[in-house]
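Written out below as structure tokens is the structure these notes cover.
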Amino acid sequence: MNLLKQLWSDKLAALSLFIVAGTLAAGMFAPLLAPHDPNEVHMELRFAAASGEYWLGNDHLGRCVLSRLLYGIRPSVLWVLATLAASVGFGAAVGLIAGYFRGKTDAVLMRICDCMLSFPGYVMVLAIIGVLGVGLETILLAFVLMKWAWFARIVRTSVMQYAESDYVKFAKAVGAGHFHIITRHIVPVALPDIAVVSSSSFGSMILQISGFSFLGLGIQAPNAEWGMMLNEARAVMFSRPEQMLAPGIAIIVIVSAVNFLADALQVAWDPKLRASRQRQQGPAAATAAKLQGKEVA
């Protein structure tokens with residue numbers, strides 16, 4: 001509740017949270033919200049302008065742009081969120097084990113992470129696509145294989161700060177088991193770091209999945225996806241530029257909202273950053289009050 005109050009007190013963070021939550025809800029309930037079948041072709045409505053029945057007009061096959069935009073949330077945002085959860089879950093588990101036990105366990109797990117991180121991310125994705133073929137499932141699998149080692153390293157660094165704390169040593173002294181210590185004493189304090197890193201990675205993954213679909217390596221036609229919609233509108237980008245507006249603006253808005261929300265979460269969970277922002281806002285508020293007083297006088 002305190003976190004929500006802090007986010008709600010920041011207008012930009014509150015707006016970002018509303019946009020992200022609204023987008024996720026629209027993607028989950030797309031079959032109920034979409035006015036038409038996203039794959040239904042009406043060649044007589046090819047490139048039709050916005051109307052009362054088709055609020056965002058029609059594409060090159062006469063399909064409803066609004067319906068495709070709503071269904072495109074699922075691969076562009078919802079499936080990316082599920083992939084992020086899988087990457088964070090596996091990476092966090094590895095990072096917790098490595099940071100808590102250290103020694104040989106830490107050395108072996110971190111050498112595996114080093115091997116995974118030695119490959120450039122996009123090269124690894126292209127290699128997996130070359131082996132398994134194009135498609136959304138291949139891209140999502142590549143994301144999991146590419147991201148988990150990075151999350152593991154970050155979580156390990158965070159866990160090592162708390163593994164030698166006095167309360168952890170006391171828990172070990174009274175005979176608490178390793179699983180109990182990790183779940184009750186390590187995970188709760190490391191969770192804010194995990195959440196901040198995850199939220200900051202969410203926006204970049206949305207851009208990456210849209211980019212691969214734009215290049216024709218992600219989800220395939222006729223399925224709706226924002227990057228695919230941009231790819232389909234590329235042929236008429238000069239004669240029909242409005243075809244690129246809806247998916248392009250959607251990507252910009254959701255990625256910006258996710259990034260602003262990640263920054264707000266970092267400030268809300270870090271007392272030092274929160275105190276620094278309050279100190280910066282104090283002089284600004286005083287200056288604004290003085291200017292307002294002069295105007296009244």
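Order determines the names: the first chain of the structure tokens is A, the second B, and so forth; residues in each chain are numbered 1 upward, and ligands are numbered 1 upward as they are shown.
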
What lies within 12 Å of Gly99 in chain A using only C-alpha atoms, ignoring chain neighbours under 6 positions off, as a PyMOL selection string? chain A and resi 91-93+105-110+152-164+182+186-187+190

Which residues are near Ser199 in chain A? Cut-off 12 Å, only C-alpha atoms, ignore same chain within fewer than 3 positions. Put them as JSON, numbers by chain. {"A": [17, 20, 80, 81, 84, 85, 88, 151, 192, 193, 194, 195, 196, 202, 203, 204, 205, 206, 255, 256, 257, 258, 259, 260, 261, 262, 263, 264, 265, 266]}

Could you write those residues out with N, CA, C and O atoms, as a CSV table (one decimal), in the first residue's frame?
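This is the output file out-v3.csv:
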chain,number,residue,atom,x,y,z
A,17,LEU,N,1.5,4.0,-14.6
A,17,LEU,CA,0.9,2.8,-14.1
A,17,LEU,C,-0.4,2.6,-14.7
A,17,LEU,O,-0.8,1.4,-15.0
A,20,VAL,N,0.1,1.3,-18.4
A,20,VAL,CA,0.6,-0.1,-18.4
A,20,VAL,C,-0.5,-1.1,-18.0
A,20,VAL,O,-0.8,-2.1,-18.7
A,80,VAL,N,5.6,-11.0,-24.0
A,80,VAL,CA,6.9,-10.5,-23.5
A,80,VAL,C,6.9,-10.5,-22.0
A,80,VAL,O,8.0,-10.8,-21.4
A,81,LEU,N,5.8,-10.1,-21.4
A,81,LEU,CA,5.8,-10.1,-19.9
A,81,LEU,C,5.9,-11.5,-19.3
A,81,LEU,O,6.7,-11.7,-18.4
A,84,LEU,N,9.5,-12.5,-19.8
A,84,LEU,CA,10.3,-11.8,-18.7
A,84,LEU,C,10.2,-12.5,-17.4
A,84,LEU,O,11.2,-12.6,-16.7
A,85,ALA,N,9.0,-12.9,-17.0
A,85,ALA,CA,8.8,-13.6,-15.8
A,85,ALA,C,9.6,-14.9,-15.7
A,85,ALA,O,10.2,-15.2,-14.7
A,88,VAL,N,13.4,-13.9,-15.4
A,88,VAL,CA,13.7,-13.4,-14.1
A,88,VAL,C,13.6,-14.5,-13.0
A,88,VAL,O,14.4,-14.6,-12.1
A,151,PHE,N,20.2,-11.5,-15.4
A,151,PHE,CA,19.4,-11.4,-14.2
A,151,PHE,C,20.1,-12.1,-13.1
A,151,PHE,O,20.1,-11.7,-11.9
A,192,PRO,N,12.9,-5.8,-4.1
A,192,PRO,CA,12.9,-4.5,-4.8
A,192,PRO,C,13.9,-4.4,-5.9
A,192,PRO,O,13.6,-3.9,-7.0
A,193,ASP,N,15.1,-4.9,-5.7
A,193,ASP,CA,16.1,-4.8,-6.8
A,193,ASP,C,15.7,-5.6,-8.0
A,193,ASP,O,15.9,-5.2,-9.1
A,194,ILE,N,15.1,-6.8,-7.7
A,194,ILE,CA,14.7,-7.7,-8.8
A,194,ILE,C,13.5,-7.0,-9.6
A,194,ILE,O,13.5,-7.0,-10.8
A,195,ALA,N,12.6,-6.3,-8.9
A,195,ALA,CA,11.5,-5.7,-9.5
A,195,ALA,C,11.9,-4.5,-10.4
A,195,ALA,O,11.5,-4.3,-11.5
A,196,VAL,N,12.9,-3.7,-9.9
A,196,VAL,CA,13.4,-2.6,-10.6
A,196,VAL,C,14.1,-3.0,-11.9
A,196,VAL,O,13.9,-2.5,-13.0
A,202,PHE,N,11.7,-4.6,-19.2
A,202,PHE,CA,10.4,-4.9,-19.9
A,202,PHE,C,10.3,-4.0,-21.2
A,202,PHE,O,9.9,-4.5,-22.3
A,203,GLY,N,10.6,-2.7,-21.1
A,203,GLY,CA,10.5,-1.9,-22.2
A,203,GLY,C,11.4,-2.3,-23.4
A,203,GLY,O,11.0,-2.2,-24.6
A,204,SER,N,12.6,-2.6,-23.0
A,204,SER,CA,13.6,-3.0,-24.1
A,204,SER,C,13.2,-4.3,-24.8
A,204,SER,O,13.4,-4.4,-26.0
A,205,MET,N,12.6,-5.2,-24.1
A,205,MET,CA,12.1,-6.5,-24.7
A,205,MET,C,10.9,-6.2,-25.6
A,205,MET,O,10.8,-6.9,-26.6
A,206,ILE,N,10.1,-5.3,-25.2
A,206,ILE,CA,8.9,-4.9,-26.1
A,206,ILE,C,9.5,-4.3,-27.5
A,206,ILE,O,9.0,-4.7,-28.6
A,255,VAL,N,6.2,1.7,-24.2
A,255,VAL,CA,7.6,1.7,-23.8
A,255,VAL,C,8.0,2.9,-22.9
A,255,VAL,O,8.7,2.7,-21.9
A,256,SER,N,7.5,4.1,-23.2
A,256,SER,CA,7.8,5.2,-22.4
A,256,SER,C,7.1,5.1,-21.0
A,256,SER,O,7.7,5.4,-20.0
A,257,ALA,N,5.9,4.6,-21.0
A,257,ALA,CA,5.2,4.4,-19.7
A,257,ALA,C,6.0,3.3,-18.8
A,257,ALA,O,6.1,3.5,-17.6
A,258,VAL,N,6.5,2.3,-19.4
A,258,VAL,CA,7.2,1.3,-18.7
A,258,VAL,C,8.5,1.9,-18.1
A,258,VAL,O,8.9,1.6,-17.0
A,259,ASN,N,9.2,2.7,-18.9
A,259,ASN,CA,10.5,3.3,-18.5
A,259,ASN,C,10.2,4.3,-17.4
A,259,ASN,O,11.0,4.3,-16.4
A,260,PHE,N,9.2,5.1,-17.5
A,260,PHE,CA,8.9,6.0,-16.4
A,260,PHE,C,8.5,5.3,-15.1
A,260,PHE,O,8.8,5.7,-14.0
A,261,LEU,N,7.7,4.2,-15.3
A,261,LEU,CA,7.3,3.5,-14.1
A,261,LEU,C,8.5,2.8,-13.5
A,261,LEU,O,8.6,2.7,-12.2
A,262,ALA,N,9.4,2.3,-14.2
A,262,ALA,CA,10.6,1.7,-13.7
A,262,ALA,C,11.4,2.7,-12.9
A,262,ALA,O,11.9,2.4,-11.8
A,263,ASP,N,11.6,3.9,-13.4
A,263,ASP,CA,12.3,5.0,-12.7
A,263,ASP,C,11.5,5.3,-11.4
A,263,ASP,O,12.2,5.5,-10.3
A,264,ALA,N,10.2,5.4,-11.4
A,264,ALA,CA,9.4,5.7,-10.2
A,264,ALA,C,9.6,4.6,-9.2
A,264,ALA,O,9.7,4.8,-8.0
A,265,LEU,N,9.6,3.3,-9.6
A,265,LEU,CA,9.8,2.2,-8.7
A,265,LEU,C,11.2,2.3,-8.0
A,265,LEU,O,11.3,2.0,-6.8
A,266,GLN,N,12.2,2.6,-8.8
A,266,GLN,CA,13.5,2.7,-8.2
A,266,GLN,C,13.6,3.8,-7.2
A,266,GLN,O,14.2,3.6,-6.1

Test item: residues at most 10 Å from Ile251 in chain A, only C-alpha atoms, excluding those fewer than 3 positions along its chain, as a PyMOL selection string: chain A and resi 73+76-77+203+206-207+210+226-227+245-248+254-257

All heavy atoms of the current selection, written as a compact mmCIF listing (two decimals), in the first residue's frame:
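The file below, part_33.txt, is the result:
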# COMPACT_ATOMS: atom_id res chain seq x y z
N ILE A 73 -1.54 -6.52 -28.76
CA ILE A 73 -1.02 -6.38 -27.40
C ILE A 73 -0.54 -7.71 -26.86
O ILE A 73 0.44 -7.78 -26.09
CB ILE A 73 -2.09 -5.77 -26.48
CG1 ILE A 73 -2.45 -4.36 -26.93
CG2 ILE A 73 -1.63 -5.76 -25.02
CD1 ILE A 73 -3.61 -3.74 -26.17
N SER A 76 2.97 -8.58 -28.32
CA SER A 76 3.89 -7.47 -28.11
C SER A 76 4.13 -7.16 -26.64
O SER A 76 5.21 -6.68 -26.28
CB SER A 76 3.35 -6.20 -28.81
OG SER A 76 3.23 -6.40 -30.20
N VAL A 77 3.14 -7.41 -25.78
CA VAL A 77 3.25 -7.03 -24.38
C VAL A 77 3.03 -8.23 -23.45
O VAL A 77 3.88 -8.52 -22.60
CB VAL A 77 2.25 -5.91 -24.04
CG1 VAL A 77 2.39 -5.49 -22.57
CG2 VAL A 77 2.44 -4.70 -24.94
N GLY A 203 10.60 -2.75 -21.09
CA GLY A 203 10.47 -1.87 -22.25
C GLY A 203 11.40 -2.26 -23.38
O GLY A 203 11.01 -2.25 -24.55
N ILE A 206 10.06 -5.26 -25.25
CA ILE A 206 8.95 -4.91 -26.15
C ILE A 206 9.49 -4.35 -27.45
O ILE A 206 9.03 -4.70 -28.55
CB ILE A 206 8.01 -3.90 -25.46
CG1 ILE A 206 7.31 -4.53 -24.27
CG2 ILE A 206 6.98 -3.37 -26.46
CD1 ILE A 206 6.46 -3.56 -23.47
N LEU A 207 10.50 -3.48 -27.36
CA LEU A 207 11.11 -2.93 -28.56
C LEU A 207 11.78 -4.03 -29.38
O LEU A 207 11.70 -4.03 -30.62
CB LEU A 207 12.15 -1.87 -28.18
CG LEU A 207 11.61 -0.51 -27.71
CD1 LEU A 207 12.76 0.39 -27.29
CD2 LEU A 207 10.80 0.16 -28.82
N SER A 210 9.16 -6.26 -31.18
CA SER A 210 8.57 -5.50 -32.29
C SER A 210 9.58 -5.33 -33.42
O SER A 210 9.20 -5.39 -34.60
CB SER A 210 8.10 -4.13 -31.79
OG SER A 210 7.12 -4.25 -30.80
N TRP A 226 2.34 -5.54 -33.27
CA TRP A 226 2.63 -4.15 -33.59
C TRP A 226 3.79 -4.01 -34.57
O TRP A 226 3.73 -3.22 -35.51
CB TRP A 226 2.92 -3.38 -32.31
CG TRP A 226 1.71 -3.24 -31.43
CD1 TRP A 226 0.42 -3.50 -31.78
CD2 TRP A 226 1.69 -2.81 -30.08
NE1 TRP A 226 -0.42 -3.26 -30.72
CE2 TRP A 226 0.32 -2.83 -29.65
CE3 TRP A 226 2.65 -2.40 -29.16
CZ2 TRP A 226 -0.05 -2.46 -28.36
CZ3 TRP A 226 2.27 -2.04 -27.88
CH2 TRP A 226 0.93 -2.06 -27.50
N GLY A 227 4.86 -4.76 -34.37
CA GLY A 227 5.97 -4.71 -35.31
C GLY A 227 5.58 -5.23 -36.68
O GLY A 227 6.01 -4.67 -37.71
N LEU A 245 0.89 5.06 -38.00
CA LEU A 245 0.71 5.86 -36.80
C LEU A 245 0.24 5.03 -35.60
O LEU A 245 0.81 5.13 -34.51
CB LEU A 245 -0.30 6.99 -37.07
CG LEU A 245 0.20 8.18 -37.89
CD1 LEU A 245 -0.90 9.20 -38.08
CD2 LEU A 245 1.39 8.82 -37.19
N ALA A 246 -0.81 4.23 -35.80
CA ALA A 246 -1.40 3.50 -34.67
C ALA A 246 -0.40 2.56 -34.00
O ALA A 246 -0.17 2.66 -32.78
CB ALA A 246 -2.65 2.74 -35.12
N PRO A 247 0.24 1.63 -34.72
CA PRO A 247 1.21 0.75 -34.05
C PRO A 247 2.43 1.50 -33.56
O PRO A 247 2.99 1.18 -32.50
CB PRO A 247 1.57 -0.29 -35.11
CG PRO A 247 1.26 0.36 -36.41
CD PRO A 247 0.09 1.25 -36.15
N GLY A 248 2.88 2.51 -34.32
CA GLY A 248 4.06 3.27 -33.90
C GLY A 248 3.82 4.03 -32.60
O GLY A 248 4.64 4.00 -31.68
N ILE A 254 3.66 2.76 -24.75
CA ILE A 254 3.82 1.70 -23.75
C ILE A 254 5.26 1.60 -23.27
O ILE A 254 5.53 1.42 -22.08
CB ILE A 254 3.31 0.35 -24.30
CG1 ILE A 254 3.30 -0.72 -23.21
CG2 ILE A 254 4.14 -0.12 -25.47
CD1 ILE A 254 2.41 -0.42 -22.05
N VAL A 255 6.23 1.75 -24.18
CA VAL A 255 7.64 1.68 -23.77
C VAL A 255 7.99 2.87 -22.88
O VAL A 255 8.69 2.72 -21.86
CB VAL A 255 8.55 1.62 -25.00
CG1 VAL A 255 10.02 1.75 -24.60
CG2 VAL A 255 8.34 0.31 -25.75
N SER A 256 7.51 4.07 -23.23
CA SER A 256 7.77 5.24 -22.39
C SER A 256 7.13 5.08 -21.02
O SER A 256 7.75 5.40 -19.99
CB SER A 256 7.22 6.50 -23.07
OG SER A 256 7.84 6.71 -24.33
N ALA A 257 5.90 4.56 -20.98
CA ALA A 257 5.23 4.36 -19.69
C ALA A 257 5.98 3.34 -18.83
O ALA A 257 6.13 3.54 -17.62
CB ALA A 257 3.79 3.90 -19.93

Atomic separation - CA of Phe214 in chain A relative to CA of Met228 in chain A, Å: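 Value for the CA of Met228 in chain A-CA of Phe214 in chain A distance: 5.1 Å.
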
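The shortest atom-to-atom distance to His42 in chain A, with only C-alpha atoms taken into account, belongs to A:Asp59 out of A:Asp166, A:Asp59, A:Glu137, A:Glu242.
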
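The space between CA of Arg111 in chain A and CA of Gly177 in chain A spans 26.7 Å.
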
List as an MDAnalysis selection string the protein and nucleic acid residues near Phe18 in chain A, meaning an atom at most 12 Å away when only C-alpha atoms are counted, but skip any in the same chain fewer than 4 places from it. chainID A and resid 4 7:8 11:14 22:26 253:254 257:258 260:261

Between CA of Asn223 in chain A and CA of Arg68 in chain A - distance in Å to one decimal: 8.4 Å

Contacts of Phe143 in chain A at 8 Å or less, counting only C-alpha atoms, minus same-chain residues fewer than 2 places along, as a count of residues only? 9

Minimum-distance residue to Pro35 in chain A, chosen among A:Ser67, A:Asn58, A:Gln6, A:Ser200 (using only C-alpha atoms): A:Ser67

Considering only C-alpha atoms, can you say which of A:Thr183, A:Ser16, A:Ile252, A:Ser213 comes closest to Ile97 in chain A? A:Thr183

Using the chain letters and numbers from this document, which residues of range 46-162 of chain A does DSSP assign to helix (DSSP H, G or I), as a PyMOL selection string? chain A and resi 65-71+73-101+103-117+121-132+136-162

Spatial neighbours of range 45-50 of chain A, max dist 6 Å, only C-alpha atoms, sep filter under 4 positions, as a list in words: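 Within the cut-off, the hits are Tyr54, Trp55, Leu56, Gly57, Asn58, Asp59, His60, Leu61 and Gly62 of chain A.
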